[in-house]
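Asker: Submitted below is the structure of interest, expressed as structure tokens.
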Amino acid sequence: MTMFPKAAALLGAALSFTLPAAAQPAWQPTRPVEFVVTSGAGGGTDLFARTVQAAITRHNLVPTSIVVTNKGAGSGAEGFVYGRGAQGDPHKVIFGTNNEWLLPLVARVAWKPLDLTPVTAMAFDEFMLWVKGDSPYRTGADLIAAAKERPGAIRMGGSQTRDTDQTLTLLIQRATGVRFNYIPFRGGGEVGVQLAGGHIDADVNNPSESVGGWRGGQVRPVCVFRREALPAGPRVTEAQSWSDIPTCASQGIPIEEFRMPRTIFLPPAVPPGAQAFWAEVMRKVSETPEWADYIQRTSQSPALLSPDEMRALMVTEERSARELYGPEGWLVN
Amino acid sequence: MLSNLDALMHGFSVALTLHHIVLMIAGVLLGILVGVLPGLGAPNGVTLLLPLTFSMDPVSAIILLTSLYWGALFGGSTTSILFNIPGEPSSVATTFDGYPMARQGRASEALTYAFISAGIGALVGIVVITLLSSAVASFALRFGPPEYFAVYFLAFASFIAFGGGAPLKTIVSLCLGFGFGMMGMDTVSGSMRLTFDIPELIRGISFLVVVIGLFGLGELLLTIEEGPEFKGASGRLDPRGMLRALASLPRYWVAVLRGSAVGVWMGITPGGPTAASFMSYGLARRMSRNGARFGRGEPEGVIAPETADHSAGTSAMLPMLSLGIPGSATSAVMLGGLMIWGLNPGPMLFIEQRDFVWGMIASMYLGNVIGVILALATVPLFAAMLSVSFSIIGPVIVTVCLVGAYTVAGAPFDLWLAVVFGAAGYLMKKLDYPLAPLVLAMVIGDKAEDAFRQSMLMSNGSLGVLWSNPLVGALSTLAALFLLWPVASAVLGWHRTSKAMRMARAEPGS
């Protein structure tokens, strides 16, 4: 198996010599590519990968065909273990979030964060504090005050345990000294519906997970965990757009920023040319109208990290996560 | 309600174009194909087709994908009846009586019952969507963790209590199912359970692989032992059987109605088609006059799960569109499709995307009619497969089973699992352990567990949360009554029950 990509790399190198247009990268896929999605079908990472697939297919950015497979079991562990096992195979591209480096801290899994080859992070998904449409809580301070009054009685919903939602809940508790009753569900969509039904009091869904409910008046964003309000855009409801939602820091929850990168990895020990090839493909994807549309529709912040920047992000995030999780007894590694 | 009918007419004007009808036929045919192959089910089929729809307009795209779904639901019943291999999780309950019918040489009849009642169930589901689209959405919102748990509990209670196997063996089978179902990552605690540090077990054990082993391979081993002939399966192309089934179907109107009601309820609440078909089968077994004949080739045992399966499949589209709750794996994939086509599921979809929503609903009427016709048209083809000699069809079934097991996740490990479960299925049948409770526990056991633990987190450990409002209270009480029913009936008329149970137990392969 490992022979084949090497031969392909040589062939690619030979081609780039013969062709005067030296824009050709040193490595090209020679057989169908597998996009490994570390979430179930319909999840956030699934939408991310399928948007990239759609953009690549429509603009012919990759010479071979692309198959998307969902390996989302165990909060994505299935996909990362699979990627870890495909050592040296640059025809497998793994799509994830920061779960690639956070999951190994809290669960016994068979990979280390820096095992996989980072390619890029293409967007940051924002987090917002949501309440039910007719909830009495108008500001973040209202919710915190209620939680102070009745410690442990306010139900905060989130997807999965010890994942981003619970991490953010933990950060809010640390920053304000309150205690919530955290209830884990399977995914953000489910959490949003539970909030709309009034079975939980608040959640920290991403904008795209609850936009439908906001437009229907079932749920309402209170604030966004961001340094400044979201950039101006079209109206979402009749009266408001995303940019009208204040930051949480201005609302009595002193958390400057919390967001989740949309990340892309290759298996360990792939040729450097392959890493460069996929980084270049993703750069082109980030310039397509399909990508712009996706970013706008899901209210994420676009980004394009180089492999080195991404590695640095992984290292700093892992360090701060260790500090946060340690006292909670979450760390297993 | 009238405005809904207006909207539906508008929908028909959107859906009824030559282009869309061709898409429906293509979708249904492809669906029947993926439905017939075990492992390659509706979710896989929809996933494979999804990239093709990126360049279509959303209405055409959803018509193609939903038609494939209907086709797969029909196709999934075919292999359940002919080979005891459920092509889809939701057709497991169809095997209980469908396969015995096929072995008695009534394959054409069983398939006809299955398809027609499925078609009726689907239509009931769509009519409900049409009439109640606005009201039902807000009803589904009332389902929190306690309500979910109560619905799953009800499904367990109605099936297990009325199942008719030896109670202790049923409990053993159930517990095995819970055990297999809990492998992998636990949602509530976030830790890995029963994975023994084997990477392949992170995914847990796929329910489909287990079913392929228990039912497909296990049954094959039994058949080989009992003599390499399909018992009495003449397998002739039999139009008279089809006509006979058509003529006697009206007699089973109660089963059809009950199945549709269970299906619509489970589709909207949303318990999902698989739970619906099990529950409907269990209810029919208890409430029908022919209950004692269930498991030995009783048409009502085919009709009950099939109607519920399809009415749940269609009515599950409503919570998907109006709330973004996918009721099944297939609708979860479609939900992803909606987002890519630029649509946000939610109550506003019904107001802002009328063409899409009502075009889709209108296409569901037509797609299911086309589904019934195409499925019936392929009955002779599939029934003819039964007349092929066992020495040919046996290896083909093994191949199809193993290919199916592999396709579920593309993992070689699953092949070994399927083989191990094949041997287990053979042993369990020999020792008279019922397989159905194991399967049911695997399918909804982990969801029920999640819902229960979420409820307990919400109530700080008080069981009172299961009676905290009239809705959940009614569900829990009904479930508790179902669970106590066998005890009560044993006290009231123990000889009648035990006779029925002896008969059920004496019958192999039930």
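Naming works like this for the structure tokens: A, B, ... for the chains as they're shown, residue 1 at the start of each chain, ligands 1 onward in shown order.
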Taking the DSSP secondary structure from the backbone, can you list the residues of stretch 218-432 of chain B that are helix (DSSP H, G or I), as a VMD selection string?

Answerer: chain B and resid 218 to 225 239 to 268 273 to 287 291 to 293 299 to 315 317 to 323 329 to 340 349 to 352 354 to 377 379 to 387 390 to 409 413 to 430

Asker: Counting only C-alpha atoms, which residues of chain A come no farther than 7 Å from chain B, as a VMD selection string?

Answerer: chain A and resid 41 to 42 47 51 54 73 to 74 78 107 160 to 162 183 to 186 189 to 190 193 to 194 196 to 197 199 212 to 213 215 to 216

Asker: Out of stretch 97-287 of chain A, which residues get strand (DSSP E or B) from DSSP, as a PyMOL selection string?

Answerer: chain A and resi 117-126+128-132+155-159+181-185+202-203+219-224+247+259-266

Asker: Just how far from atom CA of B:Val46 is atom CA of A:His59, in Å to one decimal?

Answerer: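 A separation of 23.3 Å between them.
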
Asker: Stretch 304-318 of chain B: which residues within 7 Å, counting only C-alpha atoms, same-chain residues fewer than 2 positions away excluded, as JSON, numbers by chain?

Answerer: {"B": [90, 93, 94, 114, 117, 118, 120, 121, 122, 124, 125, 126, 129, 133, 255, 256, 259, 260, 262, 263, 264, 266, 267, 268, 270, 272, 273, 274, 276, 277, 278, 280, 281, 284, 300, 301, 302, 320, 321, 322, 327]}

Asker: Rounded to one decimal place, report the atom CA of A:Arg150-atom CA of A:Tyr182 distance in Å.

Answerer: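 Between atom CA of A:Arg150 and atom CA of A:Tyr182 the gap works out to 14.2 Å.
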
Asker: Considering only C-alpha atoms, can you say which of A:Ala229, A:Arg297, A:Ala279, A:Arg31 comes closest to A:Ser250?

Answerer: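 The answer is A:Ala229, which sits nearest to A:Ser250.
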
Asker: At a cut-off of 10 Å, using only C-alpha atoms, what residues contact B:Ile444? Leave out same-chain residues fewer than 6 positions from it and give the result as a list in words.

Answerer: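 My list of contacting residues is Tyr152, Phe153, Ala155, Phe156, Gly177, Phe178, Gly181, Gly271, Gly272, Thr274, Ala275 and Asp450 of chain B.
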
Asker: Please write the residues from the selection above to a file, keeping N, CA and C atoms, as an mmCIF file, in the first residue's frame.

Answerer:
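Contents of out_13.cif, as written:
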```cif
data_model
loop_
_atom_site.group_PDB
_atom_site.id
_atom_site.type_symbol
_atom_site.label_atom_id
_atom_site.label_comp_id
_atom_site.auth_asym_id
_atom_site.auth_seq_id
_atom_site.Cartn_x
_atom_site.Cartn_y
_atom_site.Cartn_z
ATOM 1 N N TYR B 152 -40.624 4.435 24.403
ATOM 2 C CA TYR B 152 -39.808 3.232 24.192
ATOM 3 C C TYR B 152 -40.236 2.120 25.151
ATOM 4 N N PHE B 153 -40.518 2.515 26.373
ATOM 5 C CA PHE B 153 -40.973 1.568 27.388
ATOM 6 C C PHE B 153 -42.253 0.886 26.906
ATOM 7 N N ALA B 155 -43.151 0.497 23.811
ATOM 8 C CA ALA B 155 -42.820 -0.424 22.722
ATOM 9 C C ALA B 155 -42.300 -1.744 23.290
ATOM 10 N N PHE B 156 -41.427 -1.659 24.294
ATOM 11 C CA PHE B 156 -40.921 -2.877 24.934
ATOM 12 C C PHE B 156 -42.069 -3.676 25.535
ATOM 13 N N GLY B 177 -29.518 -8.476 24.370
ATOM 14 C CA GLY B 177 -29.700 -7.359 23.445
ATOM 15 C C GLY B 177 -29.257 -6.047 24.055
ATOM 16 N N PHE B 178 -29.636 -5.789 25.309
ATOM 17 C CA PHE B 178 -29.199 -4.558 25.979
ATOM 18 C C PHE B 178 -27.679 -4.518 26.048
ATOM 19 N N GLY B 181 -26.271 -3.769 22.733
ATOM 20 C CA GLY B 181 -26.629 -2.406 22.350
ATOM 21 C C GLY B 181 -25.798 -1.360 23.064
ATOM 22 N N GLY B 271 -40.844 7.677 17.506
ATOM 23 C CA GLY B 271 -40.198 6.429 17.923
ATOM 24 C C GLY B 271 -39.523 5.708 16.773
ATOM 25 N N GLY B 272 -39.936 6.028 15.528
ATOM 26 C CA GLY B 272 -39.284 5.446 14.364
ATOM 27 C C GLY B 272 -39.980 4.202 13.853
ATOM 28 N N THR B 274 -38.896 1.206 13.035
ATOM 29 C CA THR B 274 -38.544 -0.110 13.555
ATOM 30 C C THR B 274 -39.332 -0.419 14.819
ATOM 31 N N ALA B 275 -39.319 0.533 15.739
ATOM 32 C CA ALA B 275 -40.089 0.343 16.970
ATOM 33 C C ALA B 275 -41.567 0.186 16.639
ATOM 34 N N ASP B 450 -30.582 6.200 27.165
ATOM 35 C CA ASP B 450 -30.260 7.637 27.146
ATOM 36 C C ASP B 450 -31.413 8.446 27.715
#
```

Asker: If you count only C-alpha atoms, which residues fall within 9 Å of A:Asn99, apart from same-chain ones fewer than 4 positions away, as a PyMOL selection string?

Answerer: chain A and resi 75-77+103-104+163-164

Asker: Residues within 12 Å of A:Gly217, please, as a ChimeraX atom specification. Count only C-alpha atoms; anything in the same chain fewer than 5 positions from it doesn't count.

Answerer: /A:130-135,195-197,210-212,236-240 /B:346-348

Asker: With a distance cut-off of 9 Å and only C-alpha atoms, select the neighbouring residues of A:Val281, excluding the residue or stretch itself and same-chain residues fewer than 5 positions from it, and output the selection as a list in words.

Answerer: Ile56, Leu61, Val62, Ala276 and Ser286 of chain A

Asker: Go ahead and dump the residues you just picked, N, CA and C atoms, as a compact mmCIF listing (two decimals), in the first residue's frame.

Answerer:
```txt
# COMPACT_ATOMS: atom_id res chain seq x y z
N ILE A 56 -15.70 20.86 -4.77
CA ILE A 56 -14.64 20.20 -5.54
C ILE A 56 -15.22 19.59 -6.81
N LEU A 61 -11.80 20.29 -8.99
CA LEU A 61 -10.54 20.64 -8.36
C LEU A 61 -9.66 19.43 -8.09
N VAL A 62 -10.25 18.24 -8.17
CA VAL A 62 -9.50 17.01 -7.92
C VAL A 62 -9.75 16.08 -9.09
N ALA A 276 0.63 19.39 0.92
CA ALA A 276 0.58 20.65 0.18
C ALA A 276 -0.55 20.62 -0.84
N SER A 286 -12.07 27.34 -0.68
CA SER A 286 -12.49 28.49 0.14
C SER A 286 -12.81 29.70 -0.72
```

Asker: Using only C-alpha atoms, which of the listed residues (A:Ala123, A:Ile200, A:Val106, A:Val36) sits closest to A:Thr298?

Answerer: A:Ala123

Asker: Please report the interatomic distance between atom CA of A:Gln251 and atom CA of A:Ala153 in Å with one decimal.

Answerer: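 Spanning atom CA of A:Gln251 to atom CA of A:Ala153 is a straight-line distance of 21.1 Å.
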
Asker: When distances are computed from only C-alpha atoms, which of A:Thr169, A:Pro261, A:Ala269, A:Asn181 shows the smallest separation from A:Gly83?

Answerer: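 Checking each of A:Thr169, A:Pro261, A:Ala269, A:Asn181 against A:Gly83, counting only C-alpha atoms, the winner is A:Ala269.
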